[in-house]
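The next block holds one structure in the form of C-alpha cells; read it before the comments.
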Amino acid sequence: MENPGLFTAIHRPGDKSPSQVDFVVRTPADLVRIQRQEAAEICNVFGMSMAHATMMLRTMRWNREKLIERYIDDAERVLRDAGIADIETDAARPTVLPLRHQLCEICFSNEPNVPMYALACDHAFCVECYNEYLSHKIQDEGLSARIQCPGTRCPNVVDEPSVEMLAHPVDYVKFQRLLLRSFVDENQVMKWCPAPGCEYAVECHTPQSALDSTVPTVKCRCGHEFCFGCGYANHQPCICNLTQLWLRKCMDDSETSTWISVNTKECSRCRSIIEKNGGCNHMTCRKCSYEFCWVCMGPWAEHGRTWYHCNRYGEQSSQAARDSQEKSRSSLKRYLHYYNRYANHEQSARLDHQLYLKTEKRMESMQQKSDLSWIEVQFLRDAVDTLVECRMTLKWTYALAFYLEPGNLTTLFEDNQCDLEMATEQLSGLLERPLERKSIPALRQQILDKTAYVASRRQILLDDTAEGLADGRWRFNMSLIN
Amino acid sequence: MAATLPKRITKEIERLVKDPVPGIVAQPHEDNLRHFNVQMAGPTQSPFEGGEFRLELFLPEGYPMEPPMVRFLTRIYHPNIDKLGRICLDILKDKWSPALQIRTVLLSIQALLSAPNPDDPLDNGVAQHWKDNEKDAIATATAWTKQYAQPAPQ
C-alpha cells in the first residue's frame, strides 16, 4: 500500500460550506506516482509492460475505463493508435542492436561496428543519429509522448525506456518534464497552478458542465487562489461565463466610445471633441475659438435675439434626439456605477503589496508603543489578509450584480453586498488609525471584532450566492452562452 | 565561409550525380552546396507532361533533422502549389523524417504533380476549380504548362 501521507489533501475544517469545492494539491512527485498507479492497473489487467500501458493510457487521455473497454473491443487498433509496433517486445529493457554491417539512413555511414538501435518495427539508425533526432524533437519541437520512429512514415512511437537509453541526460530531463506537463494538460480533473514559477497541479472533480451553477475556487499550496473552471484568479461569487463577459466588456473600447458619444459633441468647425461640464449653451471652442450653441450646434451669431434660449429646442426632431440620448445615457450610467465600484476594489488590490509593507511597520511600532508581544500583534496581519479577501470578493460582486435582474433576491444580494462593503471600509479605516499608547488595547479589540465580523459577512454572502447558483435561483439579464 | 558540409550531404550530392533520378536534375550551386537548382520534367499522362519545371531546394542548418525547403520557380497551375511556388506536401512539414533524402523529396513532388490533391489545397481558387470542373482545370494546367514551362532551347 502506498503511503497515504503522500496525498496532501487541503484539510477543510468540518463540513465544507456551499461556496467551497473539494480539491487536492498535487506535487510533481504525486503526479509521477499517480501515472505509475494508473499504468500498473492496466498492467494488472492485460499483463503488458509499464511503458506500453502508459503509452496506451496517453492516447486515451488517461481514461482507464475507456482504455480497457476499447482494448477488449479492438486491441490492434488501440496499439496502432498508441504507436506500439509489437506488444510482445519488452519495452522496459531496450538494447542496442548487435553490431552489424548496415547503412544508417540518417548519416549515411556504413562503417562497421557502429552501435545501432531499432524499435520493434526494425528501422535501424545509429545511436548517435538517434540521439540527435531525439534532441531535435524534444528541444526544438517540444514533443514528448508522440515522438515517432525516424523511419519514413513509420507510425511507431519511441517509448520512454528507449528515450532514456538513447537521449542525452539534459534532453531526457526535459522529455520527462514535457510528459508530466502533458499528463496534467490532457487530464480533465487536473490543472496546473497558473501562478508564475509554481510547479504544483490541482486536482478537482467539478465538471466543466457545472460551471453555470458553481464557482470552483481552489487554493494552491503556493498560496495562489484561482478558479478551476477557467484558470482566472479567484472571482467568487461571479460565475465563469459572466466573469469572461464582464472582463471583455471592461476591456472593450466600445464602452469608451459609448461614453464619448453620449457625453460629448464635436465642434462643428474643427471637430475637436468637447465635453460640456457646466455653464450656459453659448460655447466657445478652446482650440479654434468657434462660437456655437450647444443645443442646435449652429453658429452662436445666428441666434440673434433668442440668446440663451435656442428656439430650435422645442422642435420635434430635437425632442426625439434627446430622448434617445437619455436612454443610452441611463444604460451607460448603470454600467459606470458597477464598473467604478469594481475598479475601485481592483485598484486597492493593486496596492496590496504596499499595504502589507505598511502593516509590517505598524506591527513593529505597536510593539514598541505597547507591551504587546510579536505574537499578539499578528492580528494586524490577519486583519489585512481578511481585508484583501473581502475586497476581492466585493470586486466580483459588482460584476455579478451588473448582470442580475432586478427583484427581491437581487435586493437581498445588494443588501448583503452593502453590509460587507460598509464593514470592509470600517475595517480599512481602523487599520489607518494613528497608534497612541493609551488607545492601543481598545483599538486591538475593535480590529479583532471587525475582522471576525467582515470575515463572517463575506462567508455569508459567498454561501448565499453559491446556494442560489446551485438552486438556479438567480435570474440574469442575459442568456448564458456556453 | 560556411561550416564544413556534413558527410551525409556530400554523399547525397555524390549519389545524385552518379545515379540521377530519371526526369530530375538537381545541381548544387558552386558557391553554396546547400542550395540546389532543380529541373523536373512534368510526369507523363498528366497536364504537366512535356513541361520542364525549375525549382530551388535549400538544405537548412538543421538538415536532415529538419526538412529541406523547396519551391517552384516556374509558374504552375496546381491545387497544392501557390503562385509563389510554395508546395503543400506533408513530408516537407510535419511528416518529415530524417530518413528521407533530396532524392525521395523530389520524387514525392513529381508524384504530387501526377496526383493533385484538391482536398488539401494551398491555393483555394485552383482547388475549387479542380473540384468544380476537373476537366476545365486540367485544360488550364495544360495551357500553363505550354505557356510557362517550355524547355529552353539548347
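By convention here, the chains of the C-alpha cells are called A, B, ... in the order presented, each chain's residues are numbered starting at 1, and ligands are numbered starting at 1 in the order presented.
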
Give me the residues of stretch 85-131 of chain B that have any atom at most 12 Å from an atom of stretch 134-145 of chain A; for each, the nearest atom pair and the distance in Å, rounded to one decimal. Use only C-alpha atoms, sort by chain and number, and format it as a tab-separated table.
```
residue	atom	partner	partner_atom	distance
B:Asp94	CA	A:Glu141	CA	10.4
B:Trp96	CA	A:Lys137	CA	11.6
B:Ser97	CA	A:Lys137	CA	11.1
B:Pro98	CA	A:His136	CA	10.8
```

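The chain A residues that come within 6 Å of chain B are Glu105, Ile106, Cys107, Phe108, Pro150, Gly151 and Thr152 of chain A, with only C-alpha atoms taken into account.
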
Could you please write out, as a short mmCIF file (atom, residue, chain, number, x, y, z; two decimals) with N, CA and C atoms, in the first residue's frame, every residue of stretch 260-466 of chain A that DSSP assigns to alpha helix (DSSP H)?
```cif
data_model
loop_
_atom_site.label_atom_id
_atom_site.label_comp_id
_atom_site.auth_asym_id
_atom_site.auth_seq_id
_atom_site.Cartn_x
_atom_site.Cartn_y
_atom_site.Cartn_z
N ILE A 260 -18.05 58.51 -24.94
CA ILE A 260 -17.73 59.72 -25.71
C ILE A 260 -18.95 60.18 -26.50
N SER A 261 -19.63 59.21 -27.11
CA SER A 261 -20.76 59.60 -27.95
C SER A 261 -21.90 60.16 -27.11
N VAL A 262 -22.03 59.69 -25.88
CA VAL A 262 -23.12 60.16 -25.04
C VAL A 262 -22.79 61.51 -24.41
N ASN A 263 -21.57 61.67 -24.01
CA ASN A 263 -21.24 62.82 -23.19
C ASN A 263 -20.59 63.98 -23.92
N GLN A 316 -39.71 68.93 -32.81
CA GLN A 316 -39.92 67.51 -32.55
C GLN A 316 -38.64 66.68 -32.75
N SER A 317 -37.93 67.03 -33.81
CA SER A 317 -36.73 66.24 -34.12
C SER A 317 -35.72 66.31 -32.97
N SER A 318 -35.55 67.47 -32.42
CA SER A 318 -34.57 67.57 -31.33
C SER A 318 -35.09 66.88 -30.08
N GLN A 319 -36.43 66.86 -29.93
CA GLN A 319 -37.04 66.15 -28.79
C GLN A 319 -36.67 64.66 -28.86
N ALA A 320 -36.84 64.08 -30.08
CA ALA A 320 -36.55 62.65 -30.27
C ALA A 320 -35.08 62.36 -30.01
N ALA A 321 -34.24 63.24 -30.50
CA ALA A 321 -32.81 63.04 -30.32
C ALA A 321 -32.46 63.03 -28.83
N ARG A 322 -33.11 63.93 -28.10
CA ARG A 322 -32.83 64.00 -26.67
C ARG A 322 -33.30 62.74 -25.95
N ASP A 323 -34.46 62.22 -26.38
CA ASP A 323 -34.97 61.00 -25.75
C ASP A 323 -34.01 59.84 -25.92
N SER A 324 -33.52 59.68 -27.14
CA SER A 324 -32.62 58.54 -27.38
C SER A 324 -31.31 58.73 -26.62
N GLN A 325 -30.92 59.98 -26.52
CA GLN A 325 -29.69 60.25 -25.77
C GLN A 325 -29.90 59.90 -24.30
N GLU A 326 -31.08 60.21 -23.81
CA GLU A 326 -31.43 59.94 -22.42
C GLU A 326 -31.30 58.45 -22.12
N LYS A 327 -31.81 57.64 -23.07
CA LYS A 327 -31.84 56.19 -22.91
C LYS A 327 -30.42 55.63 -22.82
N SER A 328 -29.63 55.99 -23.80
CA SER A 328 -28.28 55.41 -23.82
C SER A 328 -27.49 55.93 -22.64
N ARG A 329 -27.85 57.13 -22.19
CA ARG A 329 -27.14 57.68 -21.05
C ARG A 329 -27.45 56.88 -19.79
N SER A 330 -28.68 56.45 -19.65
CA SER A 330 -29.02 55.75 -18.41
C SER A 330 -28.38 54.37 -18.38
N SER A 331 -28.29 53.68 -19.53
CA SER A 331 -27.66 52.36 -19.51
C SER A 331 -26.15 52.52 -19.26
N LEU A 332 -25.60 53.60 -19.77
CA LEU A 332 -24.19 53.87 -19.53
C LEU A 332 -23.95 54.17 -18.06
N LYS A 333 -24.88 54.94 -17.50
CA LYS A 333 -24.75 55.31 -16.10
C LYS A 333 -24.73 54.05 -15.24
N ARG A 334 -25.63 53.11 -15.61
CA ARG A 334 -25.73 51.87 -14.86
C ARG A 334 -24.39 51.12 -14.92
N TYR A 335 -23.86 51.00 -16.12
CA TYR A 335 -22.58 50.30 -16.28
C TYR A 335 -21.50 50.99 -15.46
N LEU A 336 -21.45 52.30 -15.58
CA LEU A 336 -20.38 53.02 -14.88
C LEU A 336 -20.51 52.87 -13.36
N HIS A 337 -21.76 52.81 -12.89
CA HIS A 337 -21.99 52.62 -11.47
C HIS A 337 -21.27 51.36 -10.99
N TYR A 338 -21.50 50.23 -11.71
CA TYR A 338 -20.87 48.97 -11.30
C TYR A 338 -19.38 48.98 -11.59
N TYR A 339 -19.04 49.54 -12.74
CA TYR A 339 -17.62 49.50 -13.12
C TYR A 339 -16.76 50.29 -12.14
N ASN A 340 -17.25 51.49 -11.74
CA ASN A 340 -16.46 52.31 -10.83
C ASN A 340 -16.18 51.58 -9.53
N ARG A 341 -17.20 50.89 -9.02
CA ARG A 341 -17.01 50.18 -7.76
C ARG A 341 -16.08 48.98 -7.93
N TYR A 342 -16.26 48.33 -9.06
CA TYR A 342 -15.37 47.19 -9.38
C TYR A 342 -13.92 47.67 -9.48
N ALA A 343 -13.75 48.75 -10.25
CA ALA A 343 -12.39 49.26 -10.50
C ALA A 343 -11.75 49.77 -9.21
N ASN A 344 -12.60 50.33 -8.34
CA ASN A 344 -12.12 50.81 -7.07
C ASN A 344 -11.43 49.72 -6.26
N HIS A 345 -12.12 48.58 -6.17
CA HIS A 345 -11.56 47.47 -5.40
C HIS A 345 -10.35 46.88 -6.09
N GLU A 346 -10.39 46.90 -7.41
CA GLU A 346 -9.23 46.36 -8.13
C GLU A 346 -8.02 47.25 -7.87
N GLN A 347 -8.26 48.54 -7.90
CA GLN A 347 -7.19 49.50 -7.64
C GLN A 347 -6.59 49.25 -6.24
N SER A 348 -7.49 49.05 -5.25
CA SER A 348 -7.00 48.79 -3.90
C SER A 348 -6.19 47.51 -3.87
N ALA A 349 -6.65 46.51 -4.60
CA ALA A 349 -5.95 45.23 -4.59
C ALA A 349 -4.54 45.39 -5.16
N ARG A 350 -4.41 46.32 -6.12
CA ARG A 350 -3.08 46.55 -6.68
C ARG A 350 -2.13 47.14 -5.65
N ASP A 352 -2.07 46.23 -2.60
CA ASP A 352 -1.89 45.22 -1.55
C ASP A 352 -0.49 45.19 -1.00
N HIS A 353 0.45 45.15 -1.92
CA HIS A 353 1.84 44.98 -1.53
C HIS A 353 2.27 46.09 -0.57
N GLN A 354 1.91 47.32 -0.93
CA GLN A 354 2.26 48.46 -0.06
C GLN A 354 1.58 48.34 1.29
N LEU A 355 0.32 47.91 1.24
CA LEU A 355 -0.44 47.78 2.48
C LEU A 355 0.26 46.80 3.42
N TYR A 356 0.76 45.71 2.86
CA TYR A 356 1.43 44.72 3.70
C TYR A 356 2.71 45.29 4.29
N LEU A 357 3.45 46.06 3.49
CA LEU A 357 4.68 46.66 3.99
C LEU A 357 4.36 47.63 5.13
N LYS A 358 3.29 48.41 4.90
CA LYS A 358 2.90 49.39 5.90
C LYS A 358 2.50 48.68 7.19
N THR A 359 1.75 47.60 7.04
CA THR A 359 1.29 46.86 8.20
C THR A 359 2.47 46.31 9.00
N GLU A 360 3.47 45.83 8.23
CA GLU A 360 4.68 45.32 8.86
C GLU A 360 5.25 46.37 9.82
N LYS A 361 5.33 47.61 9.31
CA LYS A 361 5.88 48.71 10.11
C LYS A 361 5.00 49.00 11.32
N ARG A 362 3.69 48.99 11.08
CA ARG A 362 2.77 49.29 12.18
C ARG A 362 2.89 48.24 13.27
N MET A 363 3.10 47.00 12.84
CA MET A 363 3.24 45.94 13.84
C MET A 363 4.46 46.19 14.71
N GLU A 364 5.52 46.68 14.07
CA GLU A 364 6.73 46.99 14.85
C GLU A 364 6.48 48.12 15.83
N SER A 365 5.86 49.19 15.28
CA SER A 365 5.70 50.35 16.15
C SER A 365 4.70 50.05 17.28
N MET A 366 3.75 49.15 16.99
CA MET A 366 2.80 48.79 18.02
C MET A 366 3.50 48.05 19.16
N GLN A 367 4.47 47.25 18.80
CA GLN A 367 5.22 46.53 19.84
C GLN A 367 6.01 47.49 20.71
N GLN A 368 6.57 48.53 20.03
CA GLN A 368 7.36 49.49 20.78
C GLN A 368 6.49 50.33 21.71
N LYS A 369 5.29 50.68 21.20
CA LYS A 369 4.46 51.60 21.97
C LYS A 369 3.62 50.90 23.04
N GLN A 378 0.10 39.93 15.72
CA GLN A 378 -0.20 39.24 14.45
C GLN A 378 -1.62 39.52 13.95
N PHE A 379 -2.49 39.93 14.88
CA PHE A 379 -3.88 40.18 14.49
C PHE A 379 -3.96 41.22 13.37
N LEU A 380 -2.97 42.15 13.34
CA LEU A 380 -2.98 43.17 12.29
C LEU A 380 -2.83 42.53 10.92
N ARG A 381 -1.93 41.58 10.85
CA ARG A 381 -1.70 40.88 9.60
C ARG A 381 -2.95 40.11 9.17
N ASP A 382 -3.55 39.43 10.12
CA ASP A 382 -4.78 38.70 9.83
C ASP A 382 -5.85 39.64 9.31
N ALA A 383 -5.90 40.83 9.94
CA ALA A 383 -6.91 41.81 9.53
C ALA A 383 -6.68 42.22 8.08
N VAL A 384 -5.42 42.43 7.72
CA VAL A 384 -5.12 42.83 6.34
C VAL A 384 -5.46 41.68 5.38
N ASP A 385 -5.13 40.46 5.78
CA ASP A 385 -5.48 39.30 4.94
C ASP A 385 -6.97 39.29 4.65
N THR A 386 -7.75 39.48 5.71
CA THR A 386 -9.21 39.47 5.57
C THR A 386 -9.66 40.62 4.69
N LEU A 387 -9.06 41.79 4.91
CA LEU A 387 -9.43 42.97 4.14
C LEU A 387 -9.22 42.72 2.64
N VAL A 388 -8.07 42.14 2.31
CA VAL A 388 -7.74 41.87 0.91
C VAL A 388 -8.74 40.89 0.31
N GLU A 389 -9.04 39.85 1.08
CA GLU A 389 -10.02 38.85 0.60
C GLU A 389 -11.37 39.48 0.34
N CYS A 390 -11.79 40.34 1.29
CA CYS A 390 -13.10 40.97 1.15
C CYS A 390 -13.15 41.88 -0.07
N ARG A 391 -12.08 42.60 -0.29
CA ARG A 391 -12.05 43.50 -1.45
C ARG A 391 -12.19 42.70 -2.74
N MET A 392 -11.51 41.56 -2.79
CA MET A 392 -11.57 40.74 -3.99
C MET A 392 -13.00 40.23 -4.20
N THR A 393 -13.61 39.76 -3.12
CA THR A 393 -14.99 39.27 -3.23
C THR A 393 -15.91 40.41 -3.65
N LEU A 394 -15.75 41.58 -3.01
CA LEU A 394 -16.61 42.72 -3.34
C LEU A 394 -16.49 43.10 -4.81
N LYS A 395 -15.24 43.10 -5.27
CA LYS A 395 -14.98 43.44 -6.66
C LYS A 395 -15.86 42.62 -7.58
N TRP A 396 -15.88 41.30 -7.33
CA TRP A 396 -16.63 40.43 -8.24
C TRP A 396 -18.12 40.46 -7.98
N THR A 397 -18.53 40.90 -6.78
CA THR A 397 -19.98 41.02 -6.57
C THR A 397 -20.53 42.12 -7.48
N TYR A 398 -19.72 43.13 -7.78
CA TYR A 398 -20.21 44.19 -8.67
C TYR A 398 -20.35 43.70 -10.10
N ALA A 399 -19.42 42.85 -10.52
CA ALA A 399 -19.55 42.28 -11.86
C ALA A 399 -20.83 41.44 -11.93
N LEU A 400 -21.04 40.64 -10.87
CA LEU A 400 -22.23 39.78 -10.85
C LEU A 400 -23.50 40.64 -10.82
N ALA A 401 -23.51 41.66 -9.98
CA ALA A 401 -24.69 42.49 -9.81
C ALA A 401 -25.09 43.16 -11.12
N PHE A 402 -24.09 43.49 -11.94
CA PHE A 402 -24.37 44.14 -13.21
C PHE A 402 -25.27 43.26 -14.08
N ASN A 408 -36.55 40.72 -5.76
CA ASN A 408 -36.34 40.62 -4.32
C ASN A 408 -34.98 40.02 -3.99
N LEU A 409 -34.64 38.94 -4.73
CA LEU A 409 -33.38 38.27 -4.45
C LEU A 409 -32.20 39.19 -4.68
N THR A 410 -32.32 39.96 -5.77
CA THR A 410 -31.24 40.88 -6.08
C THR A 410 -31.14 41.95 -4.99
N THR A 411 -32.28 42.38 -4.49
CA THR A 411 -32.26 43.37 -3.42
C THR A 411 -31.55 42.78 -2.19
N LEU A 412 -31.88 41.53 -1.88
CA LEU A 412 -31.22 40.87 -0.74
C LEU A 412 -29.72 40.79 -0.96
N PHE A 413 -29.37 40.41 -2.18
CA PHE A 413 -27.95 40.30 -2.53
C PHE A 413 -27.25 41.64 -2.34
N GLU A 414 -27.92 42.69 -2.83
CA GLU A 414 -27.30 44.00 -2.73
C GLU A 414 -27.22 44.49 -1.28
N ASP A 415 -28.19 44.07 -0.46
CA ASP A 415 -28.11 44.41 0.96
C ASP A 415 -26.89 43.76 1.60
N ASN A 416 -26.70 42.47 1.27
CA ASN A 416 -25.54 41.75 1.78
C ASN A 416 -24.25 42.42 1.34
N GLN A 417 -24.25 42.80 0.08
CA GLN A 417 -23.08 43.43 -0.52
C GLN A 417 -22.79 44.75 0.20
N CYS A 418 -23.85 45.52 0.41
CA CYS A 418 -23.74 46.82 1.05
C CYS A 418 -23.17 46.67 2.45
N ASP A 419 -23.69 45.68 3.16
CA ASP A 419 -23.23 45.39 4.51
C ASP A 419 -21.75 45.08 4.55
N LEU A 420 -21.34 44.21 3.63
CA LEU A 420 -19.93 43.80 3.58
C LEU A 420 -19.07 44.99 3.20
N GLU A 421 -19.55 45.75 2.24
CA GLU A 421 -18.80 46.91 1.78
C GLU A 421 -18.54 47.87 2.94
N MET A 422 -19.62 48.14 3.69
CA MET A 422 -19.52 49.11 4.78
C MET A 422 -18.54 48.61 5.83
N ALA A 423 -18.72 47.35 6.22
CA ALA A 423 -17.86 46.79 7.26
C ALA A 423 -16.41 46.76 6.80
N THR A 424 -16.21 46.46 5.51
CA THR A 424 -14.84 46.40 4.99
C THR A 424 -14.18 47.78 5.06
N GLU A 425 -14.96 48.80 4.68
CA GLU A 425 -14.40 50.15 4.74
C GLU A 425 -14.10 50.55 6.18
N GLN A 426 -14.96 50.12 7.10
CA GLN A 426 -14.71 50.44 8.51
C GLN A 426 -13.42 49.79 8.98
N LEU A 427 -13.24 48.52 8.58
CA LEU A 427 -12.02 47.82 8.96
C LEU A 427 -10.81 48.54 8.38
N SER A 428 -10.94 48.92 7.12
CA SER A 428 -9.85 49.63 6.46
C SER A 428 -9.52 50.92 7.22
N GLY A 429 -10.58 51.61 7.67
CA GLY A 429 -10.38 52.84 8.43
C GLY A 429 -9.67 52.57 9.74
N LEU A 430 -10.08 51.50 10.43
CA LEU A 430 -9.45 51.16 11.71
C LEU A 430 -7.96 50.90 11.53
N LEU A 431 -7.63 50.27 10.40
CA LEU A 431 -6.22 49.93 10.17
C LEU A 431 -5.37 51.17 9.91
N GLU A 432 -6.04 52.27 9.53
CA GLU A 432 -5.31 53.51 9.25
C GLU A 432 -5.16 54.39 10.50
N ILE A 440 -4.21 51.73 22.30
CA ILE A 440 -3.87 50.50 21.57
C ILE A 440 -4.72 49.30 22.00
N PRO A 441 -4.88 49.02 23.29
CA PRO A 441 -5.67 47.84 23.64
C PRO A 441 -7.10 47.92 23.10
N ALA A 442 -7.70 49.12 23.18
CA ALA A 442 -9.07 49.26 22.67
C ALA A 442 -9.11 49.06 21.16
N LEU A 443 -8.12 49.64 20.48
CA LEU A 443 -8.06 49.52 19.03
C LEU A 443 -7.90 48.06 18.61
N ARG A 444 -7.08 47.36 19.37
CA ARG A 444 -6.83 45.95 19.07
C ARG A 444 -8.15 45.18 19.14
N GLN A 445 -8.91 45.45 20.21
CA GLN A 445 -10.18 44.74 20.37
C GLN A 445 -11.12 45.08 19.21
N GLN A 446 -11.15 46.37 18.85
CA GLN A 446 -12.03 46.80 17.76
C GLN A 446 -11.67 46.09 16.46
N ILE A 447 -10.38 46.07 16.17
CA ILE A 447 -9.94 45.45 14.92
C ILE A 447 -10.25 43.95 14.92
N LEU A 448 -10.00 43.31 16.06
CA LEU A 448 -10.28 41.87 16.16
C LEU A 448 -11.76 41.61 15.90
N ASP A 449 -12.62 42.41 16.53
CA ASP A 449 -14.06 42.22 16.35
C ASP A 449 -14.47 42.44 14.91
N LYS A 450 -13.95 43.54 14.34
CA LYS A 450 -14.35 43.90 12.98
C LYS A 450 -13.87 42.84 11.98
N THR A 451 -12.65 42.35 12.21
CA THR A 451 -12.11 41.32 11.31
C THR A 451 -13.02 40.09 11.32
N ALA A 452 -13.38 39.67 12.52
CA ALA A 452 -14.25 38.49 12.62
C ALA A 452 -15.59 38.77 11.94
N TYR A 453 -16.08 39.97 12.13
CA TYR A 453 -17.37 40.32 11.55
C TYR A 453 -17.34 40.30 10.02
N VAL A 454 -16.35 41.00 9.42
CA VAL A 454 -16.33 41.04 7.95
C VAL A 454 -16.08 39.66 7.37
N ALA A 455 -15.24 38.86 8.05
CA ALA A 455 -14.98 37.52 7.54
C ALA A 455 -16.28 36.73 7.49
N SER A 456 -17.10 36.88 8.53
CA SER A 456 -18.34 36.12 8.55
C SER A 456 -19.34 36.69 7.52
N ARG A 457 -19.35 38.02 7.36
CA ARG A 457 -20.23 38.62 6.35
C ARG A 457 -19.86 38.11 4.96
N ARG A 458 -18.55 38.02 4.71
CA ARG A 458 -18.09 37.57 3.40
C ARG A 458 -18.54 36.12 3.16
N GLN A 459 -18.36 35.29 4.19
CA GLN A 459 -18.74 33.89 4.05
C GLN A 459 -20.24 33.77 3.79
N ILE A 460 -21.02 34.59 4.50
CA ILE A 460 -22.48 34.55 4.32
C ILE A 460 -22.83 34.90 2.88
N LEU A 461 -22.21 35.96 2.40
CA LEU A 461 -22.51 36.39 1.03
C LEU A 461 -22.13 35.31 0.02
N LEU A 462 -20.92 34.75 0.19
CA LEU A 462 -20.45 33.72 -0.75
C LEU A 462 -21.35 32.49 -0.69
N ASP A 463 -21.70 32.07 0.53
CA ASP A 463 -22.52 30.87 0.67
C ASP A 463 -23.90 31.08 0.07
N ASP A 464 -24.46 32.25 0.35
CA ASP A 464 -25.79 32.53 -0.17
C ASP A 464 -25.79 32.53 -1.70
N THR A 465 -24.79 33.17 -2.29
CA THR A 465 -24.71 33.20 -3.75
C THR A 465 -24.52 31.80 -4.30
N ALA A 466 -23.64 31.02 -3.66
CA ALA A 466 -23.36 29.66 -4.14
C ALA A 466 -24.62 28.81 -4.07
#
```

* To do: With a distance cut-off of 12 Å and only C-alpha atoms, select the neighbouring residues of A:Ser162, excluding the residue or stretch itself and same-chain residues fewer than 5 positions from it, and output the selection as an MDAnalysis selection string.
  => chainID A and resid 51:52 90:96 117:120 127 130:131 134 147:149 157 167:168 172 175

Could you write those residues out with C-alpha atoms, as a short mmCIF file (atom, residue, chain, number, x, y, z; two decimals), in the first residue's frame?
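As written to disk, out-v1.cif reads:
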```cif
data_model
loop_
_atom_site.label_atom_id
_atom_site.label_comp_id
_atom_site.auth_asym_id
_atom_site.auth_seq_id
_atom_site.Cartn_x
_atom_site.Cartn_y
_atom_site.Cartn_z
CA ALA A 51 5.88 1.58 -20.83
CA HIS A 52 3.28 0.14 -23.19
CA ASP A 90 9.96 -5.96 -23.61
CA ALA A 91 9.98 -2.17 -23.82
CA ALA A 92 11.35 -1.96 -20.31
CA ARG A 93 14.79 -3.12 -21.35
CA PRO A 94 15.75 -1.65 -24.72
CA THR A 95 19.08 -2.85 -26.03
CA VAL A 96 21.42 -1.63 -28.69
CA TYR A 117 19.17 0.88 -32.43
CA ALA A 118 15.74 -0.01 -33.76
CA LEU A 119 12.24 -0.18 -32.33
CA ALA A 120 10.18 -3.28 -32.92
CA VAL A 127 22.81 5.54 -31.80
CA TYR A 130 19.05 8.69 -32.73
CA ASN A 131 20.46 10.92 -30.03
CA LEU A 134 15.58 12.93 -30.09
CA ILE A 147 7.95 11.18 -30.96
CA GLN A 148 7.78 8.79 -33.87
CA CYS A 149 10.36 6.37 -35.20
CA VAL A 157 6.31 5.87 -31.08
CA ALA A 167 18.85 10.66 -25.38
CA HIS A 168 21.31 12.98 -23.74
CA TYR A 172 15.76 13.26 -21.10
CA PHE A 175 11.39 14.95 -22.03
#
```

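Distance check against A:Cys238 using only C-alpha atoms: of A:Lys191, A:Asn110, A:Lys219, A:Asp212, the minimum falls on A:Asp212.
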
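Atom CA of A:Ala29 lies 29.8 Å from atom CA of A:Glu88.
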
Compile a residue-level contact table for stretch 14-53 of chain B against stretch 128-144 of chain B at a cut-off of 10 Å, reporting for every qualifying residue the shortest atom pair and its distance in Å to one decimal, with only C-alpha atoms counted, rows ordered by chain and ascending number, as a tab-separated table.
```
residue	atom	partner	partner_atom	distance
B:Ser46	CA	B:Thr142	CA	8.4
B:Pro47	CA	B:Thr142	CA	4.6
B:Phe48	CA	B:Thr142	CA	6.1
B:Glu49	CA	B:Thr142	CA	8.1
B:Gly50	CA	B:Thr142	CA	9.4
B:Gly51	CA	B:Thr142	CA	9.0
```

Please save C-alpha atoms of the selected residues as a PDB file, in the first residue's frame.
```
ATOM      1  CA  SER B  46      -0.543  14.482 -66.512  1.00  0.00           C
ATOM      2  CA  PRO B  47      -1.406  18.036 -67.624  1.00  0.00           C
ATOM      3  CA  PHE B  48       2.235  18.853 -66.931  1.00  0.00           C
ATOM      4  CA  GLU B  49       3.603  16.377 -69.490  1.00  0.00           C
ATOM      5  CA  GLY B  50       6.146  17.914 -71.817  1.00  0.00           C
ATOM      6  CA  GLY B  51       6.856  20.753 -69.388  1.00  0.00           C
TER       7      GLY B  51
END
```

* **Expected answer as JSON, numbers by chain: strand (DSSP E or B) residues in stretch 8-139 of chain B** => {"B": [24, 25, 26, 27, 28, 35, 36, 37, 38, 39, 40, 41, 52, 53, 54, 55, 56, 57, 58, 69, 70, 71, 72, 78, 81, 86, 87]}

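Nearest-residue note for B:Pro118: choosing from B:His35, B:Arg15, B:His78, B:Arg54, the minimum distance belongs to B:His78, counting only C-alpha atoms.
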
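For A:Met50, the list of residues within 8 Å, based on only C-alpha atoms and with local chain neighbours fewer than 6 positions off taken out, reads Arg36, Ala39, Ala40, Cys43 and Ala92 of chain A.
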
* Asked: Which residues come within 12 Å of B:Val70, counting only C-alpha atoms, excluding same-chain residues fewer than 5 positions away, as a list in words?
  -> Ala26, Arg34, His35, Phe36, Asn37, Val38, Arg54, Leu55, Glu56, Leu57, Phe58, Leu59, Pro60, Ile81, Leu84, Gly85, Arg86, Ile87, Cys88, Leu89, Ile91, Leu92, Lys93, Ile102, Val105, Leu106, Ser108 and Ile109 of chain B
